[in-house]
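Asks: The structure under discussion is supplied below as structure tokens; questions concerning it will follow.
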Amino acid sequence: MDIGINNENRQEIAQGLSKLLADTYTLYLKTHYFHWNVTGPMFNTLHLMFETQYTELALAVDLVAERIRSLGVYAPGTYAQFAKLTSIEETIDVPKANEMIRELVAGHEAVCRTARSVFPAAEKASDEATADLLTQRLQLHEKTAWMLRSLLE
């Protein structure tokens with residue numbers, strides 16, 4: 001494979017993107033779980049908001065996984081793999097709506113940190129495609145975290 005990025009750099013970038021994929025998928029599951037189980041006075045608003053968010057996350061998972069494959073590396077795709085790679089904790093119980101919002105804010109912030117951690121490897125390899133993907137993901141997760149945070153004020 002000769003796309004202008006050596007194997008060592010492709011592996012390093014793919015490893016970081018695999019963590020981003022795991023965080024994105026874990027946040028997708030959490031958001032979908034909260035969509036199904038939210039209750040209270042903000043039910044309709046949150047139910048619809050969470051649906052919009054998990055739909056976007058489902059599309060994002062594909063983008064990140066396909067970037068990993070474009071680098072010539074297999075993308076992780078099992079719960080066991082994601083559990084080892086993610087920085088987002090699973091939610092077992094059904095929290096109240098405000099706690100759901102807090103957990104989703106924390107999840108989006110975690111995805112931002114993970115995305116940022118991949119930039120040095122992408123920049124070192126002049127991997128503009130990965131840097132562009134990371135920038136797009138950051139913009140969306142920062143905006144979503146802000147919107148969710150605003151509900152708590």
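Residue numbering restarts at 1 for every chain of the structure tokens, chains are lettered A, B, ... in their displayed order, and ligands are numbered from 1 as they appear.
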Could you produce a table of the residues of region 55-106 of chain A lying within 12 Å of region 119-131 of chain A, with the nearest pair of atoms per residue and their separation in Å rounded to one decimal, using only C-alpha atoms, ordered by chain and increasing residue number, as JSON lines?
Replies:
```
{"residue": "A:Leu63", "atom": "CA", "partner": "A:Thr130", "partner_atom": "CA", "distance": 10.4}
{"residue": "A:Val64", "atom": "CA", "partner": "A:Thr130", "partner_atom": "CA", "distance": 9.0}
{"residue": "A:Ala65", "atom": "CA", "partner": "A:Thr130", "partner_atom": "CA", "distance": 11.4}
{"residue": "A:Glu66", "atom": "CA", "partner": "A:Thr130", "partner_atom": "CA", "distance": 10.8}
{"residue": "A:Arg67", "atom": "CA", "partner": "A:Thr130", "partner_atom": "CA", "distance": 7.2}
{"residue": "A:Ile68", "atom": "CA", "partner": "A:Thr130", "partner_atom": "CA", "distance": 9.1}
{"residue": "A:Arg69", "atom": "CA", "partner": "A:Thr130", "partner_atom": "CA", "distance": 11.8}
{"residue": "A:Ser70", "atom": "CA", "partner": "A:Ala129", "partner_atom": "CA", "distance": 9.9}
{"residue": "A:Leu71", "atom": "CA", "partner": "A:Thr130", "partner_atom": "CA", "distance": 9.6}
```
Asks: Within 12 Å of Val61 (chain A), counting only C-alpha atoms, which residues qualify if same-chain residues fewer than 6 places away don't, as a list of chain:residue names?
Replies: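 Result of the neighbour search: A:Leu17, A:Ser18, A:Lys19, A:Leu20, A:Leu21, A:Ala22, A:Asp23, A:Thr24, A:Tyr25, A:Thr26, A:Leu27, A:Tyr28, A:Leu29, A:Tyr54, A:Thr55, A:Arg67, A:Ile68, A:Ala75, A:Pro76, A:Gly77, A:Phe82, A:Leu133, A:Arg137.
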Asks: Which is closest to Gln139 (chain A) among A:Cys112, A:Ile13, A:Val73, A:Ala97, if we use only C-alpha atoms?
Replies: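 With only C-alpha atoms as the atom set, the closest residue is A:Cys112.
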Asks: For Ala110 (chain A), which residue among A:Asp93, A:Lys84, A:Asn98, A:His141 is the nearest when counting only C-alpha atoms?
Replies: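 Result for the nearest residue to Ala110 (chain A): A:His141.
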Asks: Taking the DSSP secondary structure from the backbone, can you list the residues of region 18-150 of chain A that are helix (DSSP H, G or I), as a VMD selection string?
Replies: chain A and resid 18 to 37 43 to 70 79 to 85 97 to 124 128 to 150
Asks: Here is a test: counting only C-alpha atoms, which residue of A:Pro95, A:Met1, A:Arg113, A:His108 is nearest to Thr39 (chain A)?
Replies: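 Between A:Pro95, A:Met1, A:Arg113, A:His108, the residue approaching Thr39 (chain A) most closely is A:Pro95.
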Asks: Report, in Å to a single decimal, how far apart CA of Met42 (chain A) and CA of Glu90 (chain A) are.
Replies: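 Pair CA of Glu90 (chain A) / CA of Met42 (chain A) returns 23.1 Å.
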Asks: Need to verify the contact set: Glu51 (chain A), 12 Å, only C-alpha atoms, exclusion of same-chain residues closer than 5 positions in sequence. Can you return it as a list in words?
Replies: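 My reading of the contact set: Tyr28, Leu29, Lys30, Thr31, His32, Tyr33, Phe34, His35, Trp36, Asn37, Val38, Phe43, Asn44, Thr45, Leu46, Glu56, Leu57 and Ala58 of chain A.
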Asks: Measure the distance from CA of Gly107 (chain A) to CA of Thr144 (chain A) in Å and round it to one decimal.
Replies: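 Result for CA of Gly107 (chain A) versus CA of Thr144 (chain A): 10.3 Å, one decimal.
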Asks: Ranking A:Asp2, A:Leu148, A:Leu134, A:Leu48 by minimum distance to Val105 (chain A) and counting only C-alpha atoms, which one comes first?
Replies: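 Of the candidates, the smallest distance to Val105 (chain A) is held by A:Leu148.
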Asks: Rank nothing, just name the residue among A:Arg10, A:His47, A:Arg102, A:Lys96 nearest to Leu151 (chain A), using only C-alpha atoms.
Replies: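 Of A:Arg10, A:His47, A:Arg102, A:Lys96, the one nearest Leu151 (chain A), counting only C-alpha atoms, is A:Arg102.
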Asks: What's the separation between CA of Asp132 (chain A) and CA of Glu8 (chain A), in Å to one decimal place?
Replies: 20.4 Å
